[in-house]
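Notes follow the structure.
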Amino acid sequence: MTDLRLPLGLLLAFYGLILIATGATAGTLVVGININLWWGGVLLIFGAAMVLLARRAAAMSTSRRARRSRSG
């Protein structure tokens, strides 16, 4: 079964990059805050965390399979 954290993390990180680029070029301020830049950073960090967790889970599952095959 596919781990949903990987595609979800990649999608959120991609959207975060788009928002960061939009915030950096447009510079539209909402109540004195560049909201696109901030939310782009949040999405990028959350997406990267999801990708890292998915890779960690995949690595742990392969090491468990290797231990089971060695033990018998």
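Residue names in the structure tokens use chain letters A, B, ... in the order shown, residue numbers from 1 in each chain, and ligand numbers from 1 in the order shown.
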Long-range neighbours of segment 21-25 of chain A as a ChimeraX atom specification, 9 Å cut-off, only C-alpha atoms, 6 positions minimum in chain: /A:34-38,40
DSSP-assigned helix (DSSP H, G or I) among chain A, expressed as a ChimeraX atom specification: /A:5-26,35-71
Spatial neighbours of Asp3 of chain A, 9 Å, only C-alpha atoms, chain gap at least 6 places, as a ChimeraX atom specification: /A:54,57-58
Please produce a file of those selected residues containing N, CA and C atoms, as a PDB file, in the first residue's frame.
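Produced file part_0.pdb, reproduced below:
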ATOM      1  N   ALA A  54       7.690  10.135   5.386  1.00  0.00           N
ATOM      2  CA  ALA A  54       7.400   9.042   4.460  1.00  0.00           C
ATOM      3  C   ALA A  54       8.664   8.261   4.125  1.00  0.00           C
ATOM      4  N   ALA A  57       9.653   6.154   7.152  1.00  0.00           N
ATOM      5  CA  ALA A  57       8.789   4.977   7.291  1.00  0.00           C
ATOM      6  C   ALA A  57       9.173   3.910   6.274  1.00  0.00           C
ATOM      7  N   ALA A  58       9.510   4.327   5.056  1.00  0.00           N
ATOM      8  CA  ALA A  58       9.919   3.363   4.032  1.00  0.00           C
ATOM      9  C   ALA A  58      11.233   2.697   4.411  1.00  0.00           C
TER      10      ALA A  58
END
Closest of A:Leu53, A:Ile20, A:Leu44, A:Val31 to Leu4 of chain A - atom-to-atom distances counting only C-alpha atoms: A:Leu53
Contact residues around Leu11 of chain A with only C-alpha atoms at 10 Å, ignoring same-chain residues under 2 positions, as a PyMOL selection string: chain A and resi 5-9+13-17+43-44+47-48+51
Atom CA of Val42 of chain A to atom CA of Ser61 of chain A, straight-line distance in Å: 28.7 Å
Atom CA of Thr2 of chain A to atom CA of Phe46 of chain A, straight-line distance in Å: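 About the pair atom CA of Phe46 of chain A and atom CA of Thr2 of chain A: they are 19.4 Å apart.
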